[in-house]
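Have a look at input.csv; it's CSV, C-alpha atoms and all ligand atoms:
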chain,number,residue,atom,x,y,z
A,93,MET,CA,11.2,-5.5,-15.7
A,94,THR,CA,7.7,-4.7,-14.3
A,95,ASP,CA,6.3,-1.3,-13.3
A,96,VAL,CA,4.2,-1.6,-10.2
A,97,LEU,CA,1.9,1.4,-10.3
A,98,ARG,CA,-1.2,-0.6,-9.2
A,99,ILE,CA,-1.4,-3.8,-7.2
A,100,SER,CA,-3.1,-5.4,-10.2
A,101,ASP,CA,0.0,-4.8,-12.2
A,102,LEU,CA,1.4,-7.9,-10.4
A,103,GLY,CA,-1.6,-10.1,-11.3
A,104,PRO,CA,-2.5,-13.0,-8.9
A,105,ASP,CA,0.6,-15.1,-9.8
A,106,GLY,CA,2.9,-12.1,-9.5
A,107,LEU,CA,1.4,-11.2,-6.1
A,108,ALA,CA,1.9,-14.8,-4.9
A,109,SER,CA,5.6,-14.6,-6.1
A,110,VAL,CA,6.1,-11.3,-4.3
A,111,LEU,CA,4.8,-12.8,-1.1
A,112,GLU,CA,7.1,-15.8,-1.5
A,113,LEU,CA,10.1,-13.5,-2.1
A,114,ALA,CA,9.1,-11.4,1.0
A,115,SER,CA,9.7,-14.5,3.2
A,116,ALA,CA,12.9,-15.6,1.4
A,117,PRO,CA,16.5,-14.5,2.0
A,118,ALA,CA,17.3,-11.3,0.1
A,119,PRO,CA,18.7,-11.8,-3.4
A,120,GLN,CA,21.4,-9.3,-4.6
A,121,PRO,CA,20.0,-7.8,-7.9
A,122,LEU,CA,21.3,-4.3,-7.0
A,123,ALA,CA,24.9,-5.0,-6.1
A,124,GLY,CA,26.7,-1.7,-6.7
A,125,ARG,CA,23.5,-0.1,-8.2
A,126,GLY,CA,21.3,2.7,-7.1
A,127,VAL,CA,17.5,3.2,-6.4
A,128,ALA,CA,15.9,6.6,-6.5
A,129,LEU,CA,13.1,7.1,-3.9
A,130,LEU,CA,11.2,10.3,-4.6
A,131,PHE,CA,8.7,11.7,-2.0
A,132,GLU,CA,6.2,14.4,-2.7
A,133,TYR,CA,4.6,13.7,0.7
A,134,PRO,CA,6.0,12.9,4.2
A,135,SER,CA,6.7,9.3,5.2
A,136,ALA,CA,8.0,7.4,8.2
A,137,ARG,CA,7.4,3.8,7.3
A,138,THR,CA,7.7,3.8,3.5
A,139,ARG,CA,10.9,5.8,3.3
A,140,ASN,CA,12.7,3.7,6.0
A,141,ALA,CA,11.3,0.4,4.8
A,142,CYS,CA,12.3,1.2,1.2
A,143,GLU,CA,15.8,2.5,2.0
A,144,MET,CA,16.6,-0.6,4.1
A,145,ALA,CA,15.1,-2.9,1.5
A,146,VAL,CA,17.4,-1.5,-1.2
A,147,VAL,CA,20.4,-2.0,1.2
A,148,GLN,CA,19.3,-5.6,1.7
A,149,LEU,CA,19.2,-6.1,-2.1
A,150,GLY,CA,22.8,-4.9,-2.3
A,151,GLY,CA,22.0,-1.4,-3.6
A,152,HIS,CA,22.3,2.2,-2.5
A,153,PRO,CA,19.1,4.2,-2.0
A,154,VAL,CA,19.0,7.9,-2.8
A,155,THR,CA,15.9,9.6,-1.2
A,156,ILE,CA,14.8,12.8,-2.9
A,157,ARG,CA,12.1,15.3,-1.7
A,158,GLY,CA,9.7,16.5,-4.4
A,159,GLU,CA,10.7,20.1,-4.0
A,160,GLU,CA,14.4,19.2,-4.7
A,161,VAL,CA,13.6,18.2,-8.3
A,162,GLY,CA,10.5,20.4,-8.7
A,163,LEU,CA,8.2,18.1,-10.6
A,164,ASP,CA,6.7,20.2,-13.5
A,165,LYS,CA,8.2,23.3,-11.9
A,166,ARG,CA,12.0,23.0,-12.3
A,167,GLU,CA,11.6,20.5,-15.1
A,168,THR,CA,8.9,18.2,-16.4
A,169,VAL,CA,8.0,14.9,-14.7
A,170,GLU,CA,9.2,13.1,-17.8
A,171,ASP,CA,12.6,14.8,-17.7
A,172,VAL,CA,13.0,14.0,-13.9
A,173,ALA,CA,12.2,10.3,-14.6
A,174,ARG,CA,14.7,10.1,-17.5
A,175,THR,CA,17.4,11.9,-15.4
A,176,LEU,CA,16.9,9.5,-12.4
A,177,ALA,CA,17.1,6.5,-14.8
A,178,CYS,CA,20.6,7.7,-15.9
A,179,PHE,CA,21.8,6.8,-12.4
A,180,HIS,CA,19.4,4.2,-10.9
A,181,ASP,CA,18.1,0.8,-11.7
A,182,LEU,CA,14.6,1.5,-10.2
A,183,ILE,CA,12.5,4.5,-9.3
A,184,GLY,CA,10.1,4.4,-6.4
A,185,ALA,CA,7.9,7.5,-6.0
A,186,ARG,CA,5.2,8.8,-3.6
A,187,VAL,CA,3.1,11.3,-5.5
A,188,ALA,CA,0.1,13.5,-5.0
A,189,SER,CA,-1.4,12.5,-8.3
A,190,HIS,CA,-1.3,9.0,-9.7
A,191,GLU,CA,-0.9,10.5,-13.2
A,192,THR,CA,2.7,11.5,-12.2
A,193,LEU,CA,3.6,7.8,-11.9
A,194,SER,CA,2.0,7.0,-15.2
A,195,ARG,CA,3.9,9.8,-16.9
A,196,MET,CA,7.2,8.7,-15.4
A,197,ALA,CA,6.7,5.1,-16.5
A,198,GLY,CA,5.4,6.3,-19.9
A,199,ALA,CA,8.5,8.4,-20.5
A,200,LEU,CA,10.8,5.6,-19.5
A,201,ARG,CA,9.1,3.0,-21.7
A,202,ALA,CA,9.0,5.5,-24.7
A,203,ALA,CA,12.8,6.0,-24.2
A,204,GLY,CA,13.4,2.3,-24.2
A,205,SER,CA,14.6,2.4,-20.6
A,206,PRO,CA,14.5,-0.8,-18.6
A,207,VAL,CA,14.1,1.0,-15.3
A,208,PRO,CA,10.9,0.1,-13.5
A,209,VAL,CA,8.7,2.6,-11.6
A,210,VAL,CA,7.1,1.5,-8.3
A,211,ASN,CA,4.3,3.3,-6.6
A,212,LEU,CA,5.1,4.2,-3.0
A,213,LEU,CA,1.6,5.8,-2.5
A,214,SER,CA,-0.5,7.9,-4.8
A,215,ASP,CA,-4.0,9.2,-4.4
A,216,LEU,CA,-5.2,6.1,-6.2
A,217,GLU,CA,-3.3,3.2,-4.6
A,218,HIS,CA,-0.7,2.1,-2.1
A,219,PRO,CA,0.5,-1.3,-3.5
A,220,THR,CA,3.6,-1.9,-1.3
A,221,GLN,CA,1.4,-1.4,1.7
A,222,ALA,CA,-1.0,-4.1,0.5
A,223,VAL,CA,1.9,-6.6,0.1
A,224,ALA,CA,2.9,-6.0,3.7
A,225,ASP,CA,-0.7,-6.3,4.8
A,226,LEU,CA,-1.1,-9.7,3.1
A,227,LEU,CA,2.2,-10.9,4.4
A,228,THR,CA,1.0,-10.1,8.0
A,229,VAL,CA,-2.3,-12.0,7.4
A,230,GLU,CA,-0.3,-14.9,6.0
A,231,GLN,CA,2.0,-15.0,9.0
A,232,GLU,CA,-1.0,-14.8,11.4
A,233,PHE,CA,-3.2,-17.4,9.9
A,234,GLY,CA,-0.7,-19.6,7.9
A,235,GLY,CA,-2.4,-18.8,4.6
A,236,LEU,CA,-4.7,-16.3,2.8
A,237,ALA,CA,-7.3,-18.2,0.8
A,238,GLY,CA,-10.7,-18.3,2.6
A,239,ARG,CA,-9.7,-15.7,5.2
A,240,THR,CA,-11.9,-12.5,5.4
A,241,VAL,CA,-10.7,-8.9,5.8
A,242,ALA,CA,-13.2,-6.2,6.9
A,243,TYR,CA,-12.0,-2.7,6.1
A,244,ILE,CA,-13.8,0.0,8.1
A,245,GLY,CA,-13.4,3.6,6.9
A,246,ASP,CA,-12.6,5.7,3.9
A,247,ALA,CA,-12.5,3.7,0.6
A,248,ASN,CA,-9.2,5.3,-0.2
A,249,ASN,CA,-5.8,4.4,-1.8
A,250,VAL,CA,-4.9,1.9,1.0
A,251,CYS,CA,-8.4,0.3,0.8
A,252,ARG,CA,-8.3,0.1,-3.0
A,253,SER,CA,-5.0,-1.8,-3.1
A,254,LEU,CA,-5.9,-4.0,-0.2
A,255,VAL,CA,-9.3,-5.0,-1.7
A,256,GLU,CA,-7.8,-5.9,-5.0
A,257,ALA,CA,-4.9,-7.8,-3.3
A,258,CYS,CA,-7.3,-9.8,-1.2
A,259,LEU,CA,-9.5,-10.7,-4.1
A,260,MET,CA,-6.4,-11.7,-6.2
A,261,SER,CA,-5.4,-14.0,-3.3
A,262,GLY,CA,-8.8,-15.8,-2.8
A,263,MET,CA,-9.7,-13.9,0.3
A,264,GLY,CA,-13.2,-12.5,1.2
A,265,VAL,CA,-13.5,-8.7,1.7
A,266,ARG,CA,-16.1,-6.5,3.4
A,267,VAL,CA,-15.8,-2.7,3.2
A,268,ALA,CA,-17.9,-0.4,5.4
A,269,SER,CA,-17.7,3.3,4.6
A,270,PRO,CA,-20.1,6.2,5.2
A,271,ASP,CA,-22.3,7.3,2.3
A,272,GLY,CA,-20.2,9.5,0.0
A,273,PHE,CA,-16.9,7.8,1.0
A,274,GLY,CA,-17.4,4.4,-0.5
A,275,PRO,CA,-16.2,2.9,-3.8
A,276,THR,CA,-16.1,4.9,-7.0
A,277,ASP,CA,-17.8,3.6,-10.2
A,278,GLU,CA,-14.3,2.5,-11.4
A,279,ASP,CA,-13.8,0.6,-8.1
A,280,LEU,CA,-17.1,-1.3,-8.6
A,281,GLU,CA,-16.2,-2.1,-12.2
A,282,ARG,CA,-12.7,-3.3,-11.5
A,283,THR,CA,-13.6,-5.4,-8.5
A,284,ALA,CA,-16.6,-6.9,-10.3
A,285,LYS,CA,-14.2,-8.0,-13.0
A,286,LEU,CA,-11.8,-9.6,-10.4
A,287,GLY,CA,-14.8,-11.6,-9.0
A,288,GLY,CA,-14.7,-13.3,-5.6
A,289,ASP,CA,-16.3,-12.6,-2.3
A,290,LEU,CA,-16.7,-8.9,-1.8
A,291,ARG,CA,-19.4,-6.8,-0.1
A,292,TRP,CA,-19.6,-3.0,0.2
A,293,THR,CA,-21.8,-1.6,3.0
A,294,ASN,CA,-22.3,1.5,5.1
A,295,ARG,CA,-22.6,-0.6,8.4
A,296,PRO,CA,-19.4,-1.3,10.2
A,297,GLU,CA,-21.0,-4.1,12.3
A,298,GLU,CA,-22.2,-5.9,9.1
A,299,ALA,CA,-18.7,-5.8,7.7
A,300,ALA,CA,-17.0,-6.9,11.0
A,301,GLU,CA,-19.2,-9.9,11.7
A,302,GLY,CA,-17.1,-13.1,11.3
A,303,ALA,CA,-14.1,-11.3,9.8
A,304,ASP,CA,-10.6,-12.6,10.6
A,305,VAL,CA,-9.1,-9.1,10.2
A,306,LEU,CA,-10.4,-5.7,11.0
A,307,TYR,CA,-8.5,-3.0,9.1
A,308,THR,CA,-8.6,0.8,9.1
A,309,ASP,CA,-6.8,3.9,7.9
A,310,VAL,CA,-7.0,7.6,8.6
A,311,TRP,CA,-10.1,9.5,7.8
A,312,VAL,CA,-8.2,12.4,6.3
A,313,SER,CA,-5.5,11.3,3.8
A,314,MET,CA,-2.6,13.4,2.5
A,315,GLY,CA,-4.1,15.8,0.0
A,316,ASP,CA,-7.7,15.5,1.3
A,317,GLY,CA,-9.5,18.7,2.0
A,318,ASP,CA,-12.1,19.6,4.7
A,319,ALA,CA,-10.8,17.5,7.6
A,320,GLU,CA,-13.6,18.6,9.9
A,321,GLU,CA,-16.4,17.6,7.5
A,322,ARG,CA,-14.7,14.2,7.1
A,323,ARG,CA,-14.4,13.6,10.8
A,324,ARG,CA,-18.2,14.4,11.2
A,325,ALA,CA,-19.0,12.0,8.3
A,326,PHE,CA,-17.0,9.1,9.8
A,327,THR,CA,-18.5,9.3,13.3
A,328,GLY,CA,-19.5,5.7,14.2
A,329,PHE,CA,-16.8,4.2,12.0
A,330,THR,CA,-14.1,3.9,14.8
A,331,ILE,CA,-12.7,0.4,15.3
A,332,ASP,CA,-12.9,-0.3,19.0
A,333,GLU,CA,-12.9,-3.5,21.2
A,334,ARG,CA,-16.7,-3.8,20.7
A,335,LEU,CA,-16.2,-4.1,16.9
A,336,LEU,CA,-13.3,-6.5,17.4
A,337,ASP,CA,-15.7,-8.7,19.6
A,338,ILE,CA,-18.3,-8.7,16.8
A,339,ALA,CA,-15.6,-9.9,14.4
A,340,GLY,CA,-14.7,-12.8,16.8
A,341,ALA,CA,-12.3,-14.1,19.4
A,342,ASP,CA,-9.5,-14.8,16.9
A,343,ALA,CA,-9.8,-11.6,14.9
A,344,VAL,CA,-6.8,-9.3,14.6
A,345,LEU,CA,-6.5,-5.6,14.0
A,346,LEU,CA,-4.4,-4.1,11.2
A,347,HIS,CA,-3.8,-0.4,10.4
A,348,CYS,CA,-1.3,0.9,7.8
A,349,LEU,CA,-0.4,3.8,10.2
A,350,PRO,CA,0.0,6.7,11.0
A,351,ALA,CA,-2.9,6.2,13.5
A,352,HIS,CA,-5.1,8.9,14.9
A,353,ARG,CA,-6.2,7.4,18.2
A,354,GLY,CA,-9.8,8.3,19.1
A,355,GLU,CA,-10.7,8.8,15.4
A,356,GLU,CA,-10.5,5.7,13.2
A,357,VAL,CA,-9.3,3.5,16.0
A,358,THR,CA,-9.3,3.6,19.8
A,359,GLU,CA,-6.2,3.5,21.9
A,360,ALA,CA,-7.4,0.3,23.6
A,361,ALA,CA,-7.9,-1.5,20.3
A,362,LEU,CA,-4.6,-0.2,18.8
A,363,GLU,CA,-2.5,-1.2,21.8
A,364,GLY,CA,-4.6,-4.3,22.8
A,365,PRO,CA,-3.7,-8.0,22.4
A,366,ARG,CA,-5.4,-8.3,19.1
A,367,SER,CA,-3.4,-5.5,17.4
A,368,ARG,CA,-0.8,-6.6,14.9
A,369,VAL,CA,0.1,-3.1,13.6
A,370,TRP,CA,3.8,-3.2,14.6
A,371,ARG,CA,4.4,-6.5,12.9
A,372,GLN,CA,2.6,-5.1,9.9
A,373,ALA,CA,4.8,-2.0,10.0
A,374,ALA,CA,7.9,-4.2,10.2
A,375,ASN,CA,6.6,-6.1,7.2
A,376,ARG,CA,6.8,-3.0,5.1
A,377,MET,CA,10.5,-3.6,4.6
A,378,HIS,CA,10.1,-7.2,3.6
A,379,GLY,CA,7.3,-6.3,1.3
A,380,ALA,CA,9.2,-3.5,-0.3
A,381,ARG,CA,12.2,-5.7,-0.8
A,382,ALA,CA,10.1,-8.3,-2.5
A,383,VAL,CA,8.3,-5.8,-4.8
A,384,PHE,CA,11.6,-4.2,-5.8
A,385,ALA,CA,13.2,-7.6,-6.5
A,386,TYR,CA,10.2,-8.7,-8.5
A,387,ALA,CA,10.1,-5.4,-10.5
A,388,LEU,CA,13.8,-6.0,-11.4
A,389,GLY,CA,13.0,-9.5,-12.7
A,390,VAL,CA,13.9,-11.7,-9.7
A,391,ARG,CA,11.5,-14.7,-9.3
A,392,PRO,CA,11.2,-17.2,-6.5
A,393,GLY,CA,13.7,-20.0,-6.8
A,394,GLY,CA,15.3,-18.2,-9.8
A,395,PRO,CA,18.7,-16.7,-10.3
A,396,ALA,CA,19.5,-14.2,-7.6
A,397,THR,CA,20.3,-11.2,-9.9
A,398,ALA,CA,18.1,-9.3,-12.3
A,399,GLY,CA,20.8,-9.6,-15.0
A,400,GLU,CA,20.8,-13.4,-14.7
A,401,ALA,CA,17.0,-13.6,-14.5
A,402,SER,CA,16.2,-11.6,-17.6
B,501,LIG,N1,1.8,3.3,6.0
B,501,LIG,C1,2.7,4.2,5.4
B,501,LIG,O1,2.8,4.3,4.2
B,501,LIG,O2,3.3,5.0,6.3
B,501,LIG,P1,4.2,6.3,5.9
B,501,LIG,O3,3.2,7.3,5.3
B,501,LIG,O4,4.8,6.8,7.2
B,501,LIG,O5,5.2,5.9,4.9
B,502,LIG,N1,-4.5,7.0,3.1
B,502,LIG,C1,-3.4,7.5,3.8
B,502,LIG,C2,-2.3,6.5,3.9
B,502,LIG,C3,-1.1,7.0,4.6
B,502,LIG,C4,0.0,5.9,4.7
B,502,LIG,C5,-2.9,8.7,3.0
B,502,LIG,O1,-2.9,8.7,1.7
B,502,LIG,O2,-2.5,9.7,3.6
Let me see whether you can do it: turn the structure in this file into structure tokens.
Amino acid sequence: MTDVLRISDLGPDGLASVLELASAPAPQPLAGRGVALLFEYPSARTRNACEMAVVQLGGHPVTIRGEEVGLDKRETVEDVARTLACFHDLIGARVASHETLSRMAGALRAAGSPVPVVNLLSDLEHPTQAVADLLTVEQEFGGLAGRTVAYIGDANNVCRSLVEACLMSGMGVRVASPDGFGPTDEDLERTAKLGGDLRWTNRPEEAAEGADVLYTDVWVSMGDGDAEERRRAFTGFTIDERLLDIAGADAVLLHCLPAHRGEEVTEAALEGPRSRVWRQAANRMHGARAVFAYALGVRPGGPATAGEAS
């Protein structure tokens, strides 16, 4: 059993295993079992990808809105987690505060529960997104090591998981953000420990030059305040065809979606021949299936059920 709250919880070997599982036929560790999918924020891709991933693993997904259980309002986060663990083999949660995930996992571990918690997006990270991102790069280029991803925009939850996943996979990373929207001190410390080829800059062109992948995300994430101030600050950080040309003829565009055309990406770039965003979106299901299976103890080439694997 493995909680996946941050992409680093997988470690480099675990991440490689998850990517392998994502391309393999679905094992059946959840036959006749349930998975709770709790959403404090809206979702199009993650909810649908996760529900279908659970079905593919033989299980039954139960999606719950935050307000239905009232985290720390109707009852404590810990009591919600322990209640869901009475009925389900895994809890996936999209939360406003990463601490909610830590509290859920902490309560379950303290109670001796074997039910893993998987982060479906928090203010800190979006690890299941990063798995789909790497899967898409792998499919495009036939491998990861030595490829370079340039992330242009807010050094946010999506960026954080992506950067760490790339470094754990032997990829080069460039991140271009406006001043004030770059890495935190903790990001600098954590990525320095991971080592590898990483450069932070405030110049999109510098990041894009020679990159295999240009990646962006919204300028205003769920929970972010002052949208107008952010839009002003990010002027000049739009991925357009000019920036794709700077990257190179074979460079592709990724975006976790939802997209705001005319802000972080132009319509022409998003809908153009170098965009892989719909393949990336489809990979959310394969990535989620692999993360869930791994969290339940399934390993590549191993027994097909969690019970047999443990
Ligand atoms: N990329 C992503 O997580 O999309 P949703 O917010 O629609 O789930
Ligand atoms: N950074 C965005 C990602 C949405 C999938 C957000 O947190 O809203």
Enumerate, in order of chain and increasing residue number, the residues of chain A with an atom no farther than 12 Å from ligand LIG 502 (chain B), each with its shortest atom pair and distance in Å to one decimal, counting all atoms listed in the file, as JSON lines.
{"residue": "A:Glu132", "atom": "CA", "partner": "B:LIG502", "partner_atom": "O1", "distance": 11.6}
{"residue": "A:Tyr133", "atom": "CA", "partner": "B:LIG502", "partner_atom": "O2", "distance": 8.6}
{"residue": "A:Pro134", "atom": "CA", "partner": "B:LIG502", "partner_atom": "O2", "distance": 9.1}
{"residue": "A:Ser135", "atom": "CA", "partner": "B:LIG502", "partner_atom": "C4", "distance": 7.5}
{"residue": "A:Ala136", "atom": "CA", "partner": "B:LIG502", "partner_atom": "C4", "distance": 8.9}
{"residue": "A:Arg137", "atom": "CA", "partner": "B:LIG502", "partner_atom": "C4", "distance": 8.1}
{"residue": "A:Thr138", "atom": "CA", "partner": "B:LIG502", "partner_atom": "C4", "distance": 8.1}
{"residue": "A:Arg139", "atom": "CA", "partner": "B:LIG502", "partner_atom": "C4", "distance": 11.0}
{"residue": "A:Arg186", "atom": "CA", "partner": "B:LIG502", "partner_atom": "O1", "distance": 9.7}
{"residue": "A:Val187", "atom": "CA", "partner": "B:LIG502", "partner_atom": "O1", "distance": 9.7}
{"residue": "A:Ala188", "atom": "CA", "partner": "B:LIG502", "partner_atom": "O1", "distance": 8.8}
{"residue": "A:Ser189", "atom": "CA", "partner": "B:LIG502", "partner_atom": "O1", "distance": 10.8}
{"residue": "A:His190", "atom": "CA", "partner": "B:LIG502", "partner_atom": "O1", "distance": 11.5}
{"residue": "A:Leu212", "atom": "CA", "partner": "B:LIG502", "partner_atom": "C4", "distance": 9.4}
{"residue": "A:Leu213", "atom": "CA", "partner": "B:LIG502", "partner_atom": "O1", "distance": 6.8}
{"residue": "A:Ser214", "atom": "CA", "partner": "B:LIG502", "partner_atom": "O1", "distance": 7.0}
{"residue": "A:Asp215", "atom": "CA", "partner": "B:LIG502", "partner_atom": "O1", "distance": 6.2}
{"residue": "A:Leu216", "atom": "CA", "partner": "B:LIG502", "partner_atom": "O1", "distance": 8.6}
{"residue": "A:Glu217", "atom": "CA", "partner": "B:LIG502", "partner_atom": "O1", "distance": 8.4}
{"residue": "A:His218", "atom": "CA", "partner": "B:LIG502", "partner_atom": "C2", "distance": 7.6}
{"residue": "A:Pro219", "atom": "CA", "partner": "B:LIG502", "partner_atom": "C4", "distance": 10.9}
{"residue": "A:Thr220", "atom": "CA", "partner": "B:LIG502", "partner_atom": "C4", "distance": 10.5}
{"residue": "A:Gln221", "atom": "CA", "partner": "B:LIG502", "partner_atom": "C4", "distance": 8.0}
{"residue": "A:Ala222", "atom": "CA", "partner": "B:LIG502", "partner_atom": "C4", "distance": 10.9}
{"residue": "A:Gly245", "atom": "CA", "partner": "B:LIG502", "partner_atom": "N1", "distance": 10.3}
{"residue": "A:Asp246", "atom": "CA", "partner": "B:LIG502", "partner_atom": "N1", "distance": 8.2}
{"residue": "A:Ala247", "atom": "CA", "partner": "B:LIG502", "partner_atom": "N1", "distance": 9.0}
{"residue": "A:Asn248", "atom": "CA", "partner": "B:LIG502", "partner_atom": "N1", "distance": 6.0}
{"residue": "A:Asn249", "atom": "CA", "partner": "B:LIG502", "partner_atom": "N1", "distance": 5.7}
{"residue": "A:Val250", "atom": "CA", "partner": "B:LIG502", "partner_atom": "N1", "distance": 5.5}
{"residue": "A:Cys251", "atom": "CA", "partner": "B:LIG502", "partner_atom": "N1", "distance": 8.1}
{"residue": "A:Arg252", "atom": "CA", "partner": "B:LIG502", "partner_atom": "N1", "distance": 10.0}
{"residue": "A:Ser253", "atom": "CA", "partner": "B:LIG502", "partner_atom": "N1", "distance": 10.8}
{"residue": "A:Leu254", "atom": "CA", "partner": "B:LIG502", "partner_atom": "N1", "distance": 11.6}
{"residue": "A:Thr308", "atom": "CA", "partner": "B:LIG502", "partner_atom": "N1", "distance": 9.6}
{"residue": "A:Asp309", "atom": "CA", "partner": "B:LIG502", "partner_atom": "N1", "distance": 6.2}
{"residue": "A:Val310", "atom": "CA", "partner": "B:LIG502", "partner_atom": "C1", "distance": 6.0}
{"residue": "A:Trp311", "atom": "CA", "partner": "B:LIG502", "partner_atom": "N1", "distance": 7.7}
{"residue": "A:Val312", "atom": "CA", "partner": "B:LIG502", "partner_atom": "O2", "distance": 6.9}
{"residue": "A:Ser313", "atom": "CA", "partner": "B:LIG502", "partner_atom": "O2", "distance": 3.4}
{"residue": "A:Met314", "atom": "CA", "partner": "B:LIG502", "partner_atom": "O2", "distance": 3.9}
{"residue": "A:Gly315", "atom": "CA", "partner": "B:LIG502", "partner_atom": "O2", "distance": 7.3}
{"residue": "A:Asp316", "atom": "CA", "partner": "B:LIG502", "partner_atom": "O2", "distance": 8.1}
{"residue": "A:Gly317", "atom": "CA", "partner": "B:LIG502", "partner_atom": "O2", "distance": 11.5}
{"residue": "A:His347", "atom": "CA", "partner": "B:LIG502", "partner_atom": "C4", "distance": 9.3}
{"residue": "A:Cys348", "atom": "CA", "partner": "B:LIG502", "partner_atom": "C4", "distance": 6.0}
{"residue": "A:Leu349", "atom": "CA", "partner": "B:LIG502", "partner_atom": "C4", "distance": 5.9}
{"residue": "A:Pro350", "atom": "CA", "partner": "B:LIG502", "partner_atom": "C4", "distance": 6.4}
{"residue": "A:Ala351", "atom": "CA", "partner": "B:LIG502", "partner_atom": "C3", "distance": 9.1}
{"residue": "A:His352", "atom": "CA", "partner": "B:LIG502", "partner_atom": "C3", "distance": 11.2}
{"residue": "A:Glu356", "atom": "CA", "partner": "B:LIG502", "partner_atom": "N1", "distance": 11.8}
{"residue": "A:Ala373", "atom": "CA", "partner": "B:LIG502", "partner_atom": "C4", "distance": 10.7}
{"residue": "A:Arg376", "atom": "CA", "partner": "B:LIG502", "partner_atom": "C4", "distance": 11.2}
Contacts of stretch 319-331 of chain A at 10 Å (all atoms listed in the file; same-chain gap of 5+ positions) as an mmCIF file with C-alpha atoms, in the frame of the given file:
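Generated output (around_27.cif):
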data_model
loop_
_atom_site.group_PDB
_atom_site.id
_atom_site.type_symbol
_atom_site.label_atom_id
_atom_site.label_comp_id
_atom_site.auth_asym_id
_atom_site.auth_seq_id
_atom_site.Cartn_x
_atom_site.Cartn_y
_atom_site.Cartn_z
ATOM 1 C CA TYR A 243 -12.000 -2.700 6.100
ATOM 2 C CA ILE A 244 -13.800 0.000 8.100
ATOM 3 C CA GLY A 245 -13.400 3.600 6.900
ATOM 4 C CA ASP A 246 -12.600 5.700 3.900
ATOM 5 C CA ALA A 268 -17.900 -0.400 5.400
ATOM 6 C CA SER A 269 -17.700 3.300 4.600
ATOM 7 C CA PRO A 270 -20.100 6.200 5.200
ATOM 8 C CA ASP A 271 -22.300 7.300 2.300
ATOM 9 C CA GLY A 272 -20.200 9.500 0.000
ATOM 10 C CA PHE A 273 -16.900 7.800 1.000
ATOM 11 C CA ASN A 294 -22.300 1.500 5.100
ATOM 12 C CA ARG A 295 -22.600 -0.600 8.400
ATOM 13 C CA PRO A 296 -19.400 -1.300 10.200
ATOM 14 C CA GLU A 297 -21.000 -4.100 12.300
ATOM 15 C CA ALA A 300 -17.000 -6.900 11.000
ATOM 16 C CA LEU A 306 -10.400 -5.700 11.000
ATOM 17 C CA TYR A 307 -8.500 -3.000 9.100
ATOM 18 C CA THR A 308 -8.600 0.800 9.100
ATOM 19 C CA VAL A 310 -7.000 7.600 8.600
ATOM 20 C CA TRP A 311 -10.100 9.500 7.800
ATOM 21 C CA VAL A 312 -8.200 12.400 6.300
ATOM 22 C CA SER A 313 -5.500 11.300 3.800
ATOM 23 C CA LEU A 336 -13.300 -6.500 17.400
ATOM 24 C CA LEU A 345 -6.500 -5.600 14.000
ATOM 25 C CA ARG A 353 -6.200 7.400 18.200
ATOM 26 C CA GLY A 354 -9.800 8.300 19.100
ATOM 27 C CA GLU A 355 -10.700 8.800 15.400
ATOM 28 C CA GLU A 356 -10.500 5.700 13.200
ATOM 29 C CA VAL A 357 -9.300 3.500 16.000
ATOM 30 C CA THR A 358 -9.300 3.600 19.800
ATOM 31 C CA GLU A 359 -6.200 3.500 21.900
ATOM 32 C CA ALA A 360 -7.400 0.300 23.600
ATOM 33 C CA ALA A 361 -7.900 -1.500 20.300
ATOM 34 C CA LEU A 362 -4.600 -0.200 18.800
#
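Taking all atoms listed in the file into account, ligand LIG 501 (chain B) lies nearest to A:Asp225 out of the set A:Asp279, A:Asp225, A:Glu160, A:Asp332.
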Query - Pick from A:Ala257, A:Leu130, A:Val209, A:Met144 nearest to A:Arg157, counting only C-alpha atoms - result: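 The closest residue to A:Arg157 is A:Leu130.
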Query raised in the report: Smallest atom-to-atom distance to A:Arg282: which of A:Val161, A:Met263, A:Gly106, A:Ser100, using all atoms listed in the file?
Result: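 Comparing A:Val161, A:Met263, A:Gly106, A:Ser100 against A:Arg282, the winner is A:Ser100.
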**Report entry** d(atom CA of A:Ala141, atom O4 of ligand LIG 501 (chain B)) in Å
**Finding:**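 Atom-to-atom, atom CA of A:Ala141 and atom O4 of ligand LIG 501 (chain B) are spaced 9.4 Å apart.
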Report task. Excluding A:Val146 and any residue of its chain fewer than 3 positions from it, enumerate the residues within 8 Å of it, using only C-alpha atoms, and give them as a ChimeraX atom specification. Result -> /A:122,127,142-143,149-153,381,384
Query raised in the report: When distances are computed from all atoms listed in the file, which of A:Met377, A:Val369, A:Val223, A:Leu176 shows the smallest separation from A:Val110?
Result: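 When distances to A:Val110 are compared using all atoms listed in the file, the smallest one comes from A:Val223.
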Calculate, to one decimal in Å, the centre and edge lengths of the box along x, y and z of the file that holds all listed atoms of ligand LIG 501 (chain B) with 3 Å of margin on each side, and present them as AutoDock Vina command-line options.
--center_x 3.5 --center_y 5.3 --center_z 5.7 --size_x 9.4 --size_y 10.0 --size_z 9.0
Query - Point-to-point distance from atom CA of A:Ala339 to atom CA of A:Ala303, Å rounded to tenths - result: 5.0 Å
Requested in this report: Report the distance between atom CA of A:Pro104 and atom CA of A:Met260 in Å, rounded to one decimal place.
Outcome: 4.9 Å
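Using all atoms listed in the file, the shortest contact distance between ligand LIG 501 (chain B) and any of A:Gly287, A:Leu97, A:Cys258, A:Ala185 is found at A:Ala185.
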Requested in this report: Pick out the closest residue to A:Leu111 from this set: A:Ala128, A:Ile183, A:Leu227, A:Leu259. Count only C-alpha atoms.
Outcome: A:Leu227
Emit stretch 381-386 of chain A of the structure in the block as a file comprising C-alpha atoms, as a compact mmCIF listing (two decimals), in the first residue's frame.
# COMPACT_ATOMS: atom_id res chain seq x y z
CA ARG A 381 -5.38 3.44 -13.49
CA ALA A 382 -1.65 2.84 -13.07
CA VAL A 383 -1.33 5.06 -9.98
CA PHE A 384 -4.32 3.37 -8.31
CA ALA A 385 -3.01 -0.11 -9.12
CA TYR A 386 0.45 0.80 -7.82
